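A.B. asks: One structure, pasted below without further comment.
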Amino acid sequence: MSLLEVRKVSKSFGKLQAVSELDLSIDEGEVRCIIGANGAGKTTLFNLISGRTRPDSGQVVFAGEEISGMRPPQIVRKGLSRSFQVSNYFPNLSVFQNVRIAVLSRMRKSRIFYWPVSRLGPVNQRVTEILENFNLLPLAEVIADKLSHGDRRKLEISLVVAQEPRMLLLDEPTAGMNSTETESTIHLIKNLVTKLGLTLLLTEHDMKVVFSLADKITFMHYGQVVCEGPPQEIKANADVKEIYLGGEVC
Amino acid sequence: MLILEVANIDTYYGKSHILQDVSLKVNQGQIVALLGRNGAGKTTTMRSIMGLTPARRGVIRFKGEEIQKRKPFEIAHKGIGFVPEDRGIFPDISVLDNLTIAAKNSADGQKRWTLEKIYHYFPVLDRLRDNKGQNLSGGEQQMLTIARTLMTNPDLLLLDEPCEGLAPQIVNQVLFGLIKGLKDKEGVTILLAEQNARFCLGLADWGYLLDKGAIHFNASAADISANQEVQSKYLSL
Amino acid sequence: MEFSYFIYQLIIGLSYSMLLFLIASGLTIIFGLLNIPNFAHGALYMLGAYFTYFFLHSLPGVSFGIALVLAVVSVGLIGAFLEYVPLRKIYERSHALQLLMTFSFILILDDATKYFAGTDFLSIAIPKLMDGSITLPGDREMPVYSIFIIACGLVVAYLLWLGLYKTRLGKLVQAGTANKEMLSALGINVPRLFTLVFILGSVLAGLGGGLAGPLKAVSVGMGETVIITIFAIVIVGGVGSLKGAFIASILVGELNTFGVVFFPSFAMAFTYILVIVVLLTKPEGLFRTK
Amino acid sequence: PTLLRAANKPIKFGQLNTTSGIMASQGVPAMRAAQIAQDIINQAGGIMGRKLELVQEDDQVKPSVGVRKFRKLVLEDKVDFVFGTNSSGVGLACVPLANEFKKIFISTSMSDKYTGANCSPYVFRIGESTCMASKASAYCMVANAPTVKKWAGINPDYVFGRESWDFFKQGMKDKNHPVEYVKESFSPFGCQDYKPYITALLESKADGVFTSLWTGDLINFVKQAKPFGFFDKVKAFVNNTTAVATSIGLGNEMVPFWGEARYYPFYRDSELNRQYISMYQKKFGGYPAADTGAECFASVVALKLAIEKAGTTDTPKVIAALEGLEFEVPEGKKWIRPEDHSGIDEVVLLGKFHHDPKYPFWVYDPKTYFTVPGKEIAMPLSQTGCKMAKP
Amino acid sequence: MPPKPQNLKNPIIWFFASLIVLWAAPLFLPTFYVYLITEILIVSLFAVSTNVLLGFTGLLSFGQVAFFGSSAYAVSLLIKGTSLPFAASFFISVGMSALAALIIGLFCMRLRGFYFAILTLAFSQIFFVVVYKWTSLTGGDDGIVGIPKKPFLFFNINGPDAYYHFVLLVVMVSLALLYLIIRSPLGEVLQAIRDNSERTEFLGLQVRNYRLASFVIAGTFGGVAGALFAPFQGIVTPELLHWSHSAEPLMISLLGGMYFFFGPIAGAVIFVFIKEWITGFTEYWMFWYGLLLMLLIMYLPGGIMGFVSEHLKRGKDDSR
Ligand SMILES: Nc1ncnc2c1ncn2[C@@H]1O[C@H](COP(=O)(O)OP(=O)(O)OP(=O)(O)O)[C@@H](O)[C@H]1O
Ligand SMILES: Nc1ncnc2c1ncn2[C@@H]1O[C@H](COP(=O)(O)OP(=O)(O)OP(=O)(O)O)[C@@H](O)[C@H]1O
Ligand SMILES: [Mg+2]
Ligand SMILES: [Mg+2]
């Protein structure tokens with residue numbers, strides 16, 4: 001059964017049709033990767049799904065329920081979380097606190113006003129675990145604003161993972177990470193998928209990541225799906241080669 | 001000929017001591033790579049050269065002139081251009097304005113880059129010329145950042161992670177050629193930090209290895225590519 | 001109400017509106033471009049009036065026009081100093097802190113004025129050329145000076161529109177406000193740019209003060225009596241929008257005029273009611289630029 | 001020995017007035033006037049051989065600050081008496097403190113409330129009240145502009161303005177002068193644009209206009225009304241709080257209208273008045289123009305005389321001495337009505353401004369001097385509602 | 001290492017230690033200083049409550065004064081006009097300001113940044129105008145004079161020392177509650193909203209509700225401060241509701257350090273003393289005060305606590 005279904009969704013900005021009549025269907029437990037040239041409409045699609053922008057027309061259905069038109073917090077509560085292409089975190093809070101916000105939300109502890117947050121054992125426990133997974137523990141007390149670019153990217157991903165969603169949207173998760181970090185992130189994501197049965201939708205320009213993660217790839221161009229299929233098939237596709245991959249110089 | 005010389009600089013963010021006694025040399029017309037893990041200090045080195053996070057100690061010479069005490073805009077006028085990793089697009093003005101707002105001739109009065117030439121490499125920017133900066137996609141912004149700096153006709157270009165967010169086709173067919181062309185045809189010197197090691201080492205003549213804010217190693221790009229030990233120790237390739 | 005009386009009030013209201021616009025335009029520029037909510041804008045307005053008085057009475061044979069120009073230049077210099085020394089330190093800080101700093105300017109400028117000019121009220125005469133009034137149908141008088149103010153408002157609006165939105169300057173400042181570091185790395189002397197803009201805003205405040213002089217008791221603290229109205233105009237119009245400030249000035253001016261005619265007992269609340277109504281329907285003002 | 005030292009200690013008067021912000025134009029001259037009184041008294045040997053020392057504080061026209069400063073004066077500075085305030089808001093806020101600390105407080109603002117239902121043995125209002133000023137204005141108009149029958153009012157939109165307007169109408173009634181009120185308008189404090197009020201007044205075709213606008217508000221009004229030919233179209237324009245400060249402020253922009261001032265420098269030709277003016281000019285330059293200044297001067301003088309009469313600074317005795325005290329101040333003779341502690345001038349003066357080359361600003365035309373005996377226009381005891389307690 | 005769970009004992013010890021010291025203060029201090037400290041306590045509470053919005057939620061509000069002032073008026077009217085015991089009047093007034101905060105908050109929550117600030121200012125000015133003009137109820141600009149200090153429950157709070165002790169207790173308890181709120185998950189979420197409200201939404205939290213909660217918390221405790229202030233002064237005047245009065249707690253928070261819970265308290269102590277001192281010695285106090293403010297902002301932009309904490313940190317670093 002498909003968990004997420006995007007039906008004939010369109011969004012235009014002025015004259016520019018960023019996403020047009022796009023259909024997409026993602027099964028529970030699947031890892032789907034969307035690739036496409038810069039400006040193809042990938043981030044816009046993510047915005048439409050996650051409630052950041054409203055579609056001009058069409059529907060987004062998640063777990064059998066229409067979510068287009070809902071506000072982001074509601075969508076997140078339904079189990080659909082996203083990361084951002086440009087790191088989007090809490091600059092004046094420590095790395096630990098950053099992740100703790102996500103965990104508080106996840107554990108429904110965010111409304112407690114009568115008990116110190118530092119005394120919520122399970123919450124802090126969980127935060128430590130997540131930071132450990134992302135190799136961020138040594139930076140736990142660093143104010144997020146002072147992180148290097150790559151570390152910010154890691155924090156970005158850990159914020160989404162901390163929400164333990166049913167489905168995860170990752171917008172270029174490994175951009176800016178060095179190759180070790182990229183590898184360990186891939187590893188981590190794989191683990192999440194297998195362990196929790198998570199469904200994953202991601203975009204990436206790093207083909208290594210794409211091919212080592214994706215069950216299925218969707219190739220987008222000018223706001224539309226051009227082709228869709230298993231990695232090998234897409235890799236071989238002439239359009240993809242021509243428009244997207246270019247010659248293999250590097 | 002030596003165009004940039006960084007001699008024993010120490011740089012701090014507030015009280016944290018980031019760069020420790022960093023020295024490097026770049027010859028005219030060379031591409032020099034700064035290599036290192038996340039948080040190694042690559043960006044900080046570039047910011048120090050640009051005067052954005054001035055070094056507290058040490059000397060930076062550009063074309064033989066000390067610039068470590070200069071303001072960023074003065075340094076820019078001397079001929080250094082900076083493409084930052086976080087793009088720094090001006091969000092409220094159009095793409096065209098982003099490109100032209102600070103456009104200037106090179107320090108010796110040459111005008112190597114025009115809008116036409118930019119649009120030749122990045123046709124998207126032409127198409128989007130009236131869009132506001134903040135409305136571009138990630139990759140489009142990256143292109144704009146590179147293009148915007150080129151419009152200032154720098155003699156030395158500091159490129160911080162230029163490939164991030166760009167589709168492979170752009171990286172391989174446009175950016176690679178562009179940088180090569182800058183070096184070969186225009187004699188522009190380039191200091192490059194890039195996680196995409198293949199791209200980086202494919203272009204560079206020389207490489208410096210940074211770790212924890214200090215230079216640990218420097219060698220020709222070919223040597224580094226060949227040196228497995230260095231790669232696994234500092235770059236984890 | 002007679003139709004002619006209605007038109008008459010409309011014009012009367014417009015003269016107040018344009019005076020407000022002269023002051024508000026400077027604030028919307030400083031606030032919109034530099035992102036500094038300059039609470040001391042009213043104090044600069046006051047200085048405009050004081051300087052005009054000073055030049056008019058201390059230099060022999062100086063006409064109102066020349067005194068006004070000298071005053072505007074002086075206020076511009078003071079603005080330059082304020083920007084150059086203290087304000088420059090807090091561009092990256094919160095609005096609240098910037099408000100507090102510009103509040104401290106008020107205290108300093110007010111007391112300095114009190115020290116140099118005393119606490120007595122001062123009075124600037126309406127320039128000879130513009131004294132008196134023309135008679136409109138229905139035996140109603142329209143003061144020439146009020147018409148002059150309307151003309152000044154329109155001219156300033158036009159010049160600003162030309163100078164700010166048709167030139168590179170406006171865009172440069174917008175870029176600099178969003179990312180100062182990047183703009184300077186591209187070779188622009190951002191601090192100097194910001195000083196220029198602040199001077200421009202101050203000059204407009206000074207001009208407003210000088211022009212208001214003949215209509216007001218020139219006194220210490222006269223800035224505080226207008227500053228909230230001016231902020232309300234800037235916010236209602238949309239921060240940074242010249243068009244917004246223009247329209248909002250007209251709204252506030254006319255509302256006060258007609259409000260006094262129809263609902264005099266709510267006079268104190270007109271501006272605030274307008275703010276509430278506009279912001280509840282348009283949370284970012286009428287014409288937000290960003 | 002302690003007694004001796006106490007005897008040589010200065011007597012301290014605390015003063016509260018506004019010296020910052022927009023009301024500084026009122027408060028600064030008030031502080032200065034009191035300093036002149038201090039100088040005159042100390043030069044003449046002080047009070048019973050003891051020096052008079054003023055402790056002056058800025059109340060910032062804020063009642064909460066006034067209260068804090070009152071406490072400071074009494075508890076920290078240990079003053080023996082307190083006087084002052086420019087606004088009745090601050091002054092009335094000090095009344096409970098005067099009672100609490102059992103200290104005499106002489107108010108220099110105009111409200112009739114100090115001497116009304118909440119009157120207190122410790123509290124005095126020494127100068128003219130709103131009632132006196134407004135009624136005097138009405139009487140003057142009845143006498144000088146009897147043909148003006150269509151009256152209108154423009155008054156500040158707060159307690160003082162509303163009371164002024166009511167007392168003005170009351171004054172007209174007292175004189176059985178039949179008039180019609182064609183327009184009453186109230187403008188907010190600090191109003192910047194009077195043009196709509198001005199055009200509405202003109203539109204009402206009123207012949208006479210009464211106003212209790214004051215300080216900057218009055219100047220703004222006059223400056224904005226003048227180009228409309230307002231003062232030609234309106235036959236009588238009278239104001240109940242026109243200190244000379246207004247005509248100084250307006251300079252050559254002044255227009256001929258009727259004013260009533262609590263203190264007018266050029267009417268009374270007394271030794272004290274001459275001394276006051278010349279010392280003020282020598283020390284500060286300019287004329288002692290603000291009327292609160294004269295009230296502050298009067299407060300100091302009254303306290304001095306009362307202390308000497310009582311022979312002590314002991315509060316209840318000084319209160320007793322103040323009650324019924326008759327004394328001379330620059331503006332003339334005053335008497336303190338014992339029953340409600342209201343100061344009552346021998347005469348209240350009005351006049352019509354004109355240009356006189358002898359003075360650098362417009363002054364009353366001596367031909368138009370109009371006086372009303374204070375007792376005639378003071379609020380009758382039966383109406384004050386004051387039941388004075390024992391200290 | 002993750003931050004160690006903060007030791008809760010410390011704040012509790014601090015709480016009781018300062019309570020005891022302050023309780024005993026009137027034994028050593030002249031009455032005027034008892035008054036001054038009473039005022040500092042009330043102002044501190046007002047500033048701390050305002051800072052819940054400013055420093056911890058990132059909302060610049062000029063509306064606090066409406067809740068402070070309306071509570072002060074309500075308590076005065078109830079004390080003077082009814083026979084209700086003071087405790088009842090007190091809680092009714094506080095409840096009313098909480099309700100007012102809820103209603104105004106609902107309107108204002110859509111707005112951001114300076115637009116929010118000006119809207120709250122407009123609302124509070126409407127309160128001001130109502131109080132100023134409703135002379136029959138509020139006495140207009142003359143205000144309500146002579147508000148007695150009726151007993152609170154069984155405690156006589158008349159007299160400077162007794163009222164001081166009453167204020168001390170109420171303020172300390174309120175501050176403790178506010179401290180707990182700031183340190184609680186709710187407080188942390190508020191700080192997250194201050195930093196990045198969009199991201200907070202994408203973590204599944206309804207930013208608007210939390211902002212509203214913060215607005216109501218601030219309004220309620222602002223109301224407590226107002227209800228303490230009225231009997232303390234013995235009068236209430238419209239000045240308490242004027243927007244310029246709302247600048248005071250903001251200023252105090254900024255001076256003290258708005259990112260610190262104790263910032264506004266430090267600010268209040270220094271603000272009240274400095275102002276008292278400067279206004280005493282010159283007619284041109286505004287000039288010196290303004291200059292001091294300007295220099296403080298130029299050189300201590302993080303406020304007093306920001307400065308202190310930086311120095312403490314440096315000390316620690318050196319000792320390592
Ligand atoms: N708010 C907006 N207003 C106008 N145009 C927009 C807006 N947002 C996006 N666009 C345009 O829509 C197109 C799609 O943008 P989108 O961000 O979805 O691309 P993308 O596929 O994510 O690209 P990238 O790989 O570079 O991140 C781009 O051409 C972009 O310029
Ligand atoms: N504003 C700041 N304040 C304090 N520390 C900072 C700040 N910015 C960066 N740092 C620290 O400086 C160190 C070097 O950072 P830098 O950004 O130079 O690394 P980098 O080599 O560019 O890494 P990346 O590949 O992730 O971009 C890091 O440890 C980082 O945490
Ligand atoms: Mg994208
Ligand atoms: Mg970097």
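Simple scheme: letters A, B, ... for chains in structure tokens order, numbers from 1 for residues in each chain, numbers from 1 for ligands in the order shown.
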Got a sec: who's within 9 Å of region 67-73 of chain A, counting only C-alpha atoms, leaving out chain neighbours fewer than 5 positions off, as a list of chain:residue names?

C.D. replies: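 Skipping anything fewer than 5 positions along the chain leaves A:Leu48, A:Ile49, A:Ser50, A:Gly51, A:Arg52, A:Thr53, A:Arg54, A:Pro55, A:Gly58, A:Gln59, A:Val60, A:Val61, A:Phe62, A:Lys78, A:Ser81, E:Thr200, E:Glu201, E:Phe202, E:Leu203, E:Gly204, E:Leu205, E:Gln206, E:Val207.
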
A.B. asks: Please extract the residues at most 9 Å from ligand 3, counting only C-alpha atoms and all ligand atoms, and provide them as a short mmCIF file (atom, residue, chain, number, x, y, z; two decimals) with N, CA and C atoms, in the first residue's frame, using the chain letters and residue numbers of this document.

C.D. replies:
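Written output follows (pocket_28.cif):
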data_model
loop_
_atom_site.label_atom_id
_atom_site.label_comp_id
_atom_site.auth_asym_id
_atom_site.auth_seq_id
_atom_site.Cartn_x
_atom_site.Cartn_y
_atom_site.Cartn_z
N ASN A 38 19.32 21.27 -11.25
CA ASN A 38 19.03 22.37 -10.34
C ASN A 38 17.81 23.12 -10.85
N GLY A 39 16.88 23.35 -9.92
CA GLY A 39 15.69 24.07 -10.32
C GLY A 39 14.62 23.19 -10.91
N ALA A 40 14.79 21.87 -10.79
CA ALA A 40 13.80 20.98 -11.37
C ALA A 40 12.50 21.00 -10.58
N GLY A 41 12.57 21.41 -9.33
CA GLY A 41 11.35 21.48 -8.53
C GLY A 41 11.34 20.51 -7.36
N LYS A 42 12.49 19.98 -7.02
CA LYS A 42 12.54 18.99 -5.95
C LYS A 42 12.20 19.60 -4.59
N THR A 43 12.88 20.69 -4.30
CA THR A 43 12.62 21.32 -3.01
C THR A 43 11.18 21.84 -2.95
N THR A 44 10.72 22.36 -4.05
CA THR A 44 9.34 22.83 -4.08
C THR A 44 8.37 21.68 -3.78
N PHE A 46 9.01 19.07 -2.01
CA PHE A 46 9.11 18.82 -0.57
C PHE A 46 8.31 19.84 0.23
N PHE A 84 15.96 20.29 5.82
CA PHE A 84 16.05 21.43 4.91
C PHE A 84 17.36 21.43 4.16
N GLN A 85 17.28 21.96 2.97
CA GLN A 85 18.47 22.03 2.14
C GLN A 85 19.49 23.01 2.74
N VAL A 86 18.98 24.13 3.22
CA VAL A 86 19.84 25.07 3.93
C VAL A 86 19.60 24.82 5.42
N ASP A 171 16.21 16.65 2.27
CA ASP A 171 16.59 17.47 1.12
C ASP A 171 18.11 17.62 1.12
N GLU A 172 18.76 16.94 0.23
CA GLU A 172 20.22 16.93 0.13
C GLU A 172 20.89 16.75 1.48
N THR A 203 16.26 13.79 -1.80
CA THR A 203 16.91 14.27 -3.02
C THR A 203 18.37 14.36 -2.70
N GLU A 204 19.17 14.21 -3.72
CA GLU A 204 20.60 14.27 -3.49
C GLU A 204 21.26 14.49 -4.84
N LEU B 136 15.41 31.50 -5.39
CA LEU B 136 16.11 30.51 -6.23
C LEU B 136 16.23 29.18 -5.51
N SER B 137 16.39 28.14 -6.30
CA SER B 137 16.65 26.84 -5.70
C SER B 137 18.08 26.82 -5.20
N GLY B 138 18.38 25.83 -4.38
CA GLY B 138 19.71 25.76 -3.77
C GLY B 138 20.83 25.82 -4.79
N GLY B 139 20.71 24.99 -5.81
CA GLY B 139 21.76 24.95 -6.81
C GLY B 139 21.86 26.24 -7.61
N GLU B 140 20.71 26.81 -7.88
CA GLU B 140 20.70 28.08 -8.61
C GLU B 140 21.42 29.17 -7.80
N GLY B 165 25.48 21.28 -3.74
CA GLY B 165 24.14 21.54 -4.22
C GLY B 165 24.00 21.59 -5.73
#

A.B. asks: Could you list, as number ranges by chain, all protein and nucleic acid residues with an atom at most 10 Å from ligand 2, counting only C-alpha atoms and all ligand atoms?

C.D. replies: A: 139, 142-154, 176-178; B: 11-19, 34-48, 53, 84-86, 160-161, 193-195, 210-213

A.B. asks: Residues of region 53-87 of chain B in alpha helix (DSSP H) according to DSSP, as a PyMOL selection string?

C.D. replies: chain B and resi 72-78

A.B. asks: What's around Leu129 (chain C) at 12 Å? Count only C-alpha atoms, leave out sequence neighbours fewer than 2 positions away in its own chain, and write the answer as a short mmCIF file (atom, residue, chain, number, x, y, z; two decimals) with N, CA, C and O atoms, in the first residue's frame.

C.D. replies:
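Dumped to out22.cif:
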data_model
loop_
_atom_site.label_atom_id
_atom_site.label_comp_id
_atom_site.auth_asym_id
_atom_site.auth_seq_id
_atom_site.Cartn_x
_atom_site.Cartn_y
_atom_site.Cartn_z
N SER C 63 17.34 84.34 5.31
CA SER C 63 15.92 84.09 5.08
C SER C 63 15.54 82.71 5.61
O SER C 63 16.41 81.91 5.93
N PHE C 64 14.25 82.48 5.68
CA PHE C 64 13.77 81.20 6.19
C PHE C 64 14.36 80.06 5.37
O PHE C 64 14.81 79.05 5.91
N GLY C 65 14.36 80.21 4.07
CA GLY C 65 14.85 79.14 3.20
C GLY C 65 16.29 78.78 3.49
O GLY C 65 16.64 77.61 3.64
N ALA C 125 8.57 82.52 12.74
CA ALA C 125 7.48 83.17 12.01
C ALA C 125 7.28 82.47 10.67
O ALA C 125 8.23 81.94 10.08
N ILE C 126 6.06 82.48 10.20
CA ILE C 126 5.81 81.99 8.85
C ILE C 126 6.49 82.95 7.88
O ILE C 126 6.38 84.17 8.04
N PRO C 127 7.27 82.44 6.93
CA PRO C 127 7.97 83.35 6.02
C PRO C 127 6.99 84.31 5.34
O PRO C 127 5.88 83.92 4.98
N ASP C 131 2.82 84.06 4.25
CA ASP C 131 1.91 84.44 5.32
C ASP C 131 0.52 84.66 4.71
O ASP C 131 0.39 84.91 3.53
N GLY C 132 -0.47 84.52 5.54
CA GLY C 132 -1.82 84.79 5.05
C GLY C 132 -2.46 83.57 4.43
O GLY C 132 -1.96 82.46 4.55
N SER C 133 -3.57 83.82 3.78
CA SER C 133 -4.32 82.68 3.28
C SER C 133 -5.05 83.07 2.01
O SER C 133 -5.16 84.25 1.67
N PRO C 143 -4.69 78.53 4.59
CA PRO C 143 -3.40 79.20 4.77
C PRO C 143 -2.41 78.82 3.65
O PRO C 143 -2.32 77.65 3.28
N VAL C 144 -1.71 79.83 3.16
CA VAL C 144 -0.75 79.59 2.08
C VAL C 144 0.34 78.61 2.54
O VAL C 144 0.78 77.75 1.78
N TYR C 145 0.75 78.78 3.81
CA TYR C 145 1.84 77.92 4.28
C TYR C 145 1.43 76.45 4.27
O TYR C 145 2.25 75.58 3.99
N PHE C 148 1.91 75.24 0.91
CA PHE C 148 3.34 75.07 0.69
C PHE C 148 3.81 73.71 1.26
O PHE C 148 4.59 72.99 0.63
#

A.B. asks: Give me the residues within 7 Å of region 116-130 of chain D as a PyMOL selection string, counting only C-alpha atoms and dropping any in the same chain fewer than 6 places off.

C.D. replies: chain D and resi 95+98-99+102-108+110+164+262+295+299+340-344+384-391

A.B. asks: Keeping only N, CA, C and O atoms, write the selected residues to a file as a CSV table (one decimal), in the first residue's frame.

C.D. replies:
chain,number,residue,atom,x,y,z
D,95,VAL,N,-0.7,63.9,48.2
D,95,VAL,CA,-1.5,64.2,49.3
D,95,VAL,C,-1.5,63.1,50.4
D,95,VAL,O,-1.3,63.4,51.6
D,98,ALA,N,1.6,63.2,52.4
D,98,ALA,CA,1.6,64.3,53.3
D,98,ALA,C,0.9,63.9,54.6
D,98,ALA,O,1.4,64.1,55.7
D,99,ASN,N,-0.2,63.2,54.4
D,99,ASN,CA,-1.0,62.7,55.6
D,99,ASN,C,-0.2,61.7,56.3
D,99,ASN,O,-0.1,61.7,57.6
D,102,LYS,N,2.8,63.1,58.0
D,102,LYS,CA,2.4,64.3,58.8
D,102,LYS,C,3.3,65.5,58.4
D,102,LYS,O,3.9,66.1,59.3
D,103,LYS,N,3.5,65.8,57.1
D,103,LYS,CA,4.3,66.9,56.7
D,103,LYS,C,3.4,67.8,55.9
D,103,LYS,O,2.5,67.4,55.2
D,104,ILE,N,3.7,69.1,56.0
D,104,ILE,CA,2.9,70.1,55.3
D,104,ILE,C,3.3,70.0,53.8
D,104,ILE,O,4.5,69.9,53.5
D,105,PHE,N,2.3,70.0,52.9
D,105,PHE,CA,2.6,70.0,51.5
D,105,PHE,C,1.8,71.1,50.9
D,105,PHE,O,0.6,71.2,51.0
D,106,ILE,N,2.5,72.1,50.3
D,106,ILE,CA,1.8,73.2,49.6
D,106,ILE,C,1.8,72.9,48.1
D,106,ILE,O,2.9,72.8,47.5
D,107,SER,N,0.7,72.8,47.5
D,107,SER,CA,0.6,72.5,46.1
D,107,SER,C,0.6,73.8,45.3
D,107,SER,O,0.0,74.8,45.6
D,108,THR,N,1.3,73.7,44.2
D,108,THR,CA,1.3,74.9,43.3
D,108,THR,C,0.6,74.6,42.0
D,108,THR,O,0.7,75.3,41.0
D,110,MET,N,-3.2,73.8,40.0
D,110,MET,CA,-4.5,74.6,40.2
D,110,MET,C,-5.7,73.8,40.7
D,110,MET,O,-6.7,74.4,40.9
D,164,SER,N,-12.4,73.6,33.7
D,164,SER,CA,-12.3,75.0,33.3
D,164,SER,C,-13.5,75.5,32.5
D,164,SER,O,-14.0,76.5,32.8
D,262,ARG,N,-1.7,83.7,36.6
D,262,ARG,CA,-1.6,83.6,38.0
D,262,ARG,C,-0.5,84.6,38.5
D,262,ARG,O,-0.6,85.1,39.6
D,295,GLU,N,4.0,80.9,42.2
D,295,GLU,CA,3.4,80.1,43.2
D,295,GLU,C,4.4,79.5,44.1
D,295,GLU,O,4.2,79.3,45.3
D,299,SER,N,4.9,80.0,48.0
D,299,SER,CA,4.9,78.9,49.0
D,299,SER,C,6.1,79.1,50.0
D,299,SER,O,5.9,78.9,51.2
D,340,ASP,N,-10.5,75.6,54.4
D,340,ASP,CA,-10.2,74.6,53.4
D,340,ASP,C,-8.8,74.7,52.9
D,340,ASP,O,-8.4,74.0,52.0
D,341,HIS,N,-8.0,75.6,53.5
D,341,HIS,CA,-6.6,75.8,53.1
D,341,HIS,C,-6.4,76.2,51.7
D,341,HIS,O,-5.4,75.9,51.0
D,342,SER,N,-7.3,77.0,51.2
D,342,SER,CA,-7.3,77.5,49.8
D,342,SER,C,-6.7,78.9,49.9
D,342,SER,O,-7.1,79.8,50.6
D,343,GLY,N,-5.6,79.1,49.0
D,343,GLY,CA,-5.1,80.5,48.9
D,343,GLY,C,-6.0,81.3,48.1
D,343,GLY,O,-6.5,80.9,47.1
D,344,ILE,N,-6.2,82.6,48.6
D,344,ILE,CA,-7.1,83.5,47.8
D,344,ILE,C,-6.4,84.8,47.6
D,344,ILE,O,-5.9,85.4,48.6
D,384,THR,N,-17.3,73.5,48.6
D,384,THR,CA,-16.0,72.8,48.5
D,384,THR,C,-16.2,71.3,49.0
D,384,THR,O,-15.5,70.4,48.5
D,385,GLY,N,-17.1,71.1,50.0
D,385,GLY,CA,-17.2,69.8,50.5
D,385,GLY,C,-16.1,69.4,51.4
D,385,GLY,O,-15.9,68.2,51.8
D,386,CYS,N,-15.4,70.4,51.9
D,386,CYS,CA,-14.2,70.1,52.7
D,386,CYS,C,-14.6,70.0,54.2
D,386,CYS,O,-15.3,70.9,54.7
D,387,LYS,N,-14.3,68.9,54.8
D,387,LYS,CA,-14.4,68.9,56.3
D,387,LYS,C,-13.1,68.7,56.9
D,387,LYS,O,-12.5,67.6,56.9
D,388,MET,N,-12.5,69.8,57.4
D,388,MET,CA,-11.1,69.7,57.8
D,388,MET,C,-11.0,69.0,59.1
D,388,MET,O,-11.6,69.3,60.1
D,389,ALA,N,-10.1,68.0,59.1
D,389,ALA,CA,-9.8,67.2,60.3
D,389,ALA,C,-8.7,68.0,61.1
D,389,ALA,O,-8.2,69.0,60.7
D,390,LYS,N,-8.5,67.6,62.4
D,390,LYS,CA,-7.5,68.1,63.2
D,390,LYS,C,-6.2,67.5,62.8
D,390,LYS,O,-6.1,66.3,62.6
D,391,PRO,N,-5.1,68.2,62.8
D,391,PRO,CA,-3.8,67.5,62.5
D,391,PRO,C,-3.4,66.5,63.5
D,391,PRO,O,-3.7,66.7,64.7

A.B. asks: So that I can check the surroundings of Leu47 (chain C), please list as a ChimeraX atom specification every protein, DNA and RNA residue that reaches within 8 Å of it, counting only C-alpha atoms and ignoring chain neighbours fewer than 4 positions away.

C.D. replies: /C:43,51,75,113,206,209

A.B. asks: If you run DSSP on the backbone here, which positions in region 55-171 of chain B get strand (DSSP E)? Please write them as JSON, numbers by chain.

C.D. replies: {"B": [57, 58, 59, 60, 61, 62, 65, 66, 80, 81, 82, 83, 156, 157, 158, 159, 160]}

A.B. asks: Calculated over only C-alpha atoms, which of the candidates A:Glu129, A:Asp239, A:Asp215, A:Glu183 has the smallest distance to chain E?

C.D. replies: A:Glu129

A.B. asks: Can you tell me, as a VMD selection string, what residues are no more than 12 Å from Ala103 (chain B) when counting only C-alpha atoms, ignoring any on the same chain fewer than 2 positions away?

C.D. replies: (chain B and resid 76 to 77 81 96 to 101 105 to 106 110 to 115 147 to 154) or (chain C and resid 168 172 183 185 to 188)

A.B. asks: Could you list, as a list in words, every residue of chain D that has an atom within 6 Å of an atom of chain E, counting only C-alpha atoms?

C.D. replies: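 Taking only C-alpha atoms into account, Leu75, Gly89 and Pro96 of chain D sit within 6 Å of chain E.
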